[in-house]
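Have a look at the structure below, then the notes.
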Amino acid sequence: QVQLVESGGGLVQTGGSMRLSCAASGRTFASYTMGWFRQAPGKEREFVGGITMSGKSTTYADSVKGRFTISRDNAKNTVYLQMNSLKPEDTAVYYCARRRFSMLGVSSARSEYAYWGQGTQVTVSS
């Protein structure tokens, strides 16, 4: 069973930065594309971005492009979400997720991800 554990959330002021981490269990981490999603109160969970197996390719939602950066360290089974220039509208619970099938690229569809972390709260104060 794959387990994903996010960390690094908290409270930050508008314009600030924060880095989230997601540690994965298992030996096949490097074979799977990883994604980040977020869910604000009263809204559906939305795609933030994703990174392919090797880390060479990333995809971002338009709302975070240029401000957020996803990276991964396959030796540590960890994926990161660096968030800069944070805005109040970035306030949400952030989730990392692993794609259902290996050797596939980034997808923005929640249904393409089979394993999810418990989420970490990010609050951006105005």
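Here's how to read the names in the structure tokens: chain A, B, ... by the order shown, residue numbers from 1 in each chain, ligand numbers from 1 in the order shown.
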### Task
Would you please extract all strand (DSSP E) residues from chain A, as assigned by DSSP on the backbone, and give them as a ChimeraX atom specification?
/A:4-7,10-13,18-24,34-39,46-51,58-60,68-73,78-83,92-99,113-116,120-125
### Message
What's around region 87-100 of chain A at 6 Å? Count only C-alpha atoms, leave out sequence neighbours fewer than 4 positions away in its own chain, and write the answer as a list in words.
### Response
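That gives Thr14, Thr33, Met34, Gly35, Trp36, Phe37, Arg38, Gln39, Ala40, Glu112, Tyr113, Ala114, Tyr115, Trp116, Gly117, Gly119, Thr120, Gln121, Val122, Thr123, Val124 and Ser125 of chain A.
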Can I get the selection written as a PDB file, in the first residue's frame, with N, CA and C atoms?
ATOM      1  N   THR A  14       0.380  37.494   2.724  1.00  0.00           N
ATOM      2  CA  THR A  14       0.336  37.745   1.281  1.00  0.00           C
ATOM      3  C   THR A  14       1.707  38.177   0.776  1.00  0.00           C
ATOM      4  N   THR A  33       4.336   9.534 -12.172  1.00  0.00           N
ATOM      5  CA  THR A  33       4.108  10.972 -12.158  1.00  0.00           C
ATOM      6  C   THR A  33       3.377  11.346 -10.870  1.00  0.00           C
ATOM      7  N   MET A  34       3.740  12.480 -10.311  1.00  0.00           N
ATOM      8  CA  MET A  34       3.118  12.967  -9.082  1.00  0.00           C
ATOM      9  C   MET A  34       2.386  14.280  -9.362  1.00  0.00           C
ATOM     10  N   GLY A  35       1.303  14.472  -8.645  1.00  0.00           N
ATOM     11  CA  GLY A  35       0.529  15.694  -8.813  1.00  0.00           C
ATOM     12  C   GLY A  35       0.268  16.381  -7.486  1.00  0.00           C
ATOM     13  N   TRP A  36      -0.010  17.666  -7.569  1.00  0.00           N
ATOM     14  CA  TRP A  36      -0.458  18.458  -6.430  1.00  0.00           C
ATOM     15  C   TRP A  36      -1.844  19.024  -6.764  1.00  0.00           C
ATOM     16  N   PHE A  37      -2.717  18.923  -5.792  1.00  0.00           N
ATOM     17  CA  PHE A  37      -4.062  19.467  -5.910  1.00  0.00           C
ATOM     18  C   PHE A  37      -4.348  20.311  -4.674  1.00  0.00           C
ATOM     19  N   ARG A  38      -5.405  21.109  -4.737  1.00  0.00           N
ATOM     20  CA  ARG A  38      -5.822  21.869  -3.560  1.00  0.00           C
ATOM     21  C   ARG A  38      -7.331  21.995  -3.521  1.00  0.00           C
ATOM     22  N   GLN A  39      -7.836  22.184  -2.319  1.00  0.00           N
ATOM     23  CA  GLN A  39      -9.273  22.327  -2.135  1.00  0.00           C
ATOM     24  C   GLN A  39      -9.547  23.422  -1.128  1.00  0.00           C
ATOM     25  N   ALA A  40     -10.209  24.465  -1.602  1.00  0.00           N
ATOM     26  CA  ALA A  40     -10.608  25.576  -0.744  1.00  0.00           C
ATOM     27  C   ALA A  40     -12.004  25.285  -0.184  1.00  0.00           C
ATOM     28  N   GLU A 112      -7.359  10.273 -12.405  1.00  0.00           N
ATOM     29  CA  GLU A 112      -6.140   9.617 -12.874  1.00  0.00           C
ATOM     30  C   GLU A 112      -5.152   9.343 -11.733  1.00  0.00           C
ATOM     31  N   TYR A 113      -5.492   9.790 -10.553  1.00  0.00           N
ATOM     32  CA  TYR A 113      -4.603   9.628  -9.397  1.00  0.00           C
ATOM     33  C   TYR A 113      -5.244   8.675  -8.392  1.00  0.00           C
ATOM     34  N   ALA A 114      -4.503   7.646  -8.011  1.00  0.00           N
ATOM     35  CA  ALA A 114      -5.073   6.591  -7.173  1.00  0.00           C
ATOM     36  C   ALA A 114      -4.743   6.740  -5.697  1.00  0.00           C
ATOM     37  N   TYR A 115      -3.648   7.400  -5.399  1.00  0.00           N
ATOM     38  CA  TYR A 115      -3.223   7.521  -4.012  1.00  0.00           C
ATOM     39  C   TYR A 115      -3.089   8.991  -3.648  1.00  0.00           C
ATOM     40  N   TRP A 116      -3.595   9.318  -2.457  1.00  0.00           N
ATOM     41  CA  TRP A 116      -3.629  10.698  -2.004  1.00  0.00           C
ATOM     42  C   TRP A 116      -3.077  10.811  -0.590  1.00  0.00           C
ATOM     43  N   GLY A 117      -2.446  11.930  -0.321  1.00  0.00           N
ATOM     44  CA  GLY A 117      -2.041  12.223   1.039  1.00  0.00           C
ATOM     45  C   GLY A 117      -3.214  12.734   1.853  1.00  0.00           C
ATOM     46  N   GLY A 119      -3.402  15.649   3.229  1.00  0.00           N
ATOM     47  CA  GLY A 119      -3.568  17.077   3.008  1.00  0.00           C
ATOM     48  C   GLY A 119      -2.898  17.914   4.076  1.00  0.00           C
ATOM     49  N   THR A 120      -2.486  19.105   3.692  1.00  0.00           N
ATOM     50  CA  THR A 120      -1.907  20.050   4.636  1.00  0.00           C
ATOM     51  C   THR A 120      -2.499  21.428   4.366  1.00  0.00           C
ATOM     52  N   GLN A 121      -2.874  22.119   5.431  1.00  0.00           N
ATOM     53  CA  GLN A 121      -3.543  23.405   5.300  1.00  0.00           C
ATOM     54  C   GLN A 121      -2.542  24.512   5.025  1.00  0.00           C
ATOM     55  N   VAL A 122      -2.853  25.311   4.026  1.00  0.00           N
ATOM     56  CA  VAL A 122      -2.092  26.524   3.741  1.00  0.00           C
ATOM     57  C   VAL A 122      -3.057  27.699   3.843  1.00  0.00           C
ATOM     58  N   THR A 123      -2.725  28.643   4.692  1.00  0.00           N
ATOM     59  CA  THR A 123      -3.559  29.823   4.872  1.00  0.00           C
ATOM     60  C   THR A 123      -2.730  31.060   4.581  1.00  0.00           C
ATOM     61  N   VAL A 124      -3.223  31.877   3.658  1.00  0.00           N
ATOM     62  CA  VAL A 124      -2.531  33.108   3.278  1.00  0.00           C
ATOM     63  C   VAL A 124      -3.355  34.275   3.792  1.00  0.00           C
ATOM     64  N   SER A 125      -2.775  35.040   4.694  1.00  0.00           N
ATOM     65  CA  SER A 125      -3.498  36.163   5.283  1.00  0.00           C
ATOM     66  C   SER A 125      -3.287  37.424   4.451  1.00  0.00           C
TER      67      SER A 125
END
### Query
A:Ser54, A:Asn74, A:Gln118, A:Thr69: which is nearest Val5 (chain A), counting only C-alpha atoms?
A:Gln118
### Task
Tell me, as JSON, numbers by chain, which residues lie within 6 Å of Cys22 (chain A), counting only C-alpha atoms; anything in the same chain fewer than 3 positions away does not count.
{"A": [5, 6, 78, 79]}
### Query
Looking at only C-alpha atoms, which of A:Asp73, A:Leu11, A:Ser111, A:Gln82 is the one that sits closest to Ala24 (chain A)?
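For Ala24 (chain A), the nearest of the candidates is A:Asp73.
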### Message
Given only C-alpha atoms as the basis, pick out the residue of A:Arg67, A:Gln1, A:Lys43, A:Ala30 nearest to Gly55 (chain A).
### Response
A:Ala30
#### Entry: Nearest-residue call for Phe68 (chain A), choices A:Leu81, A:Phe47, A:Lys56, A:Leu104, using only C-alpha atoms
A:Leu81
### Task
Please measure the separation of CA of Val106 (chain A) and CA of Gly10 (chain A), giving the value in Å to one decimal.
26.8 Å
### Task
Kindly give the distance, in Å, that separates CA of Gly105 (chain A) and CA of Pro41 (chain A), rounded to a single decimal.
28.9 Å
As a CSV table (one decimal) with N, CA and C atoms, in the first residue's frame, please: the residues near Gly15 (chain A) (cut-off 8 Å, only C-alpha atoms, same-chain neighbours under 4 positions excluded).
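Once everything was written out, this is part.csv:
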chain,number,residue,atom,x,y,z
A,84,ASN,N,5.6,30.7,-4.2
A,84,ASN,CA,6.0,32.1,-4.0
A,84,ASN,C,4.9,33.0,-4.3
A,85,SER,N,5.1,34.3,-3.9
A,85,SER,CA,4.1,35.3,-4.2
A,85,SER,C,2.7,34.9,-3.8
A,86,LEU,N,2.5,34.3,-2.7
A,86,LEU,CA,1.3,33.8,-2.3
A,86,LEU,C,0.2,34.8,-2.1
A,87,LYS,N,-1.0,34.4,-2.5
A,87,LYS,CA,-2.2,35.3,-2.5
A,87,LYS,C,-3.3,34.7,-1.5
### Task
Per DSSP on the backbone, filter chain A down to the residues in helix (DSSP H, G or I) and report them as number ranges by chain.
A: 29-31, 88-90, 110-112
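Among the candidate residues A:Ser107, A:Thr52, A:Ser31, A:Ser7, the one lying nearest to Ile70 (chain A) is A:Thr52, with distances computed using only C-alpha atoms.
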### Message
Counting only C-alpha atoms, which residue out of A:Leu4, A:Ile51, A:Ala109, A:Met83 sits closest to Ser71 (chain A)?
### Response
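Nearest to Ser71 (chain A): A:Ile51.
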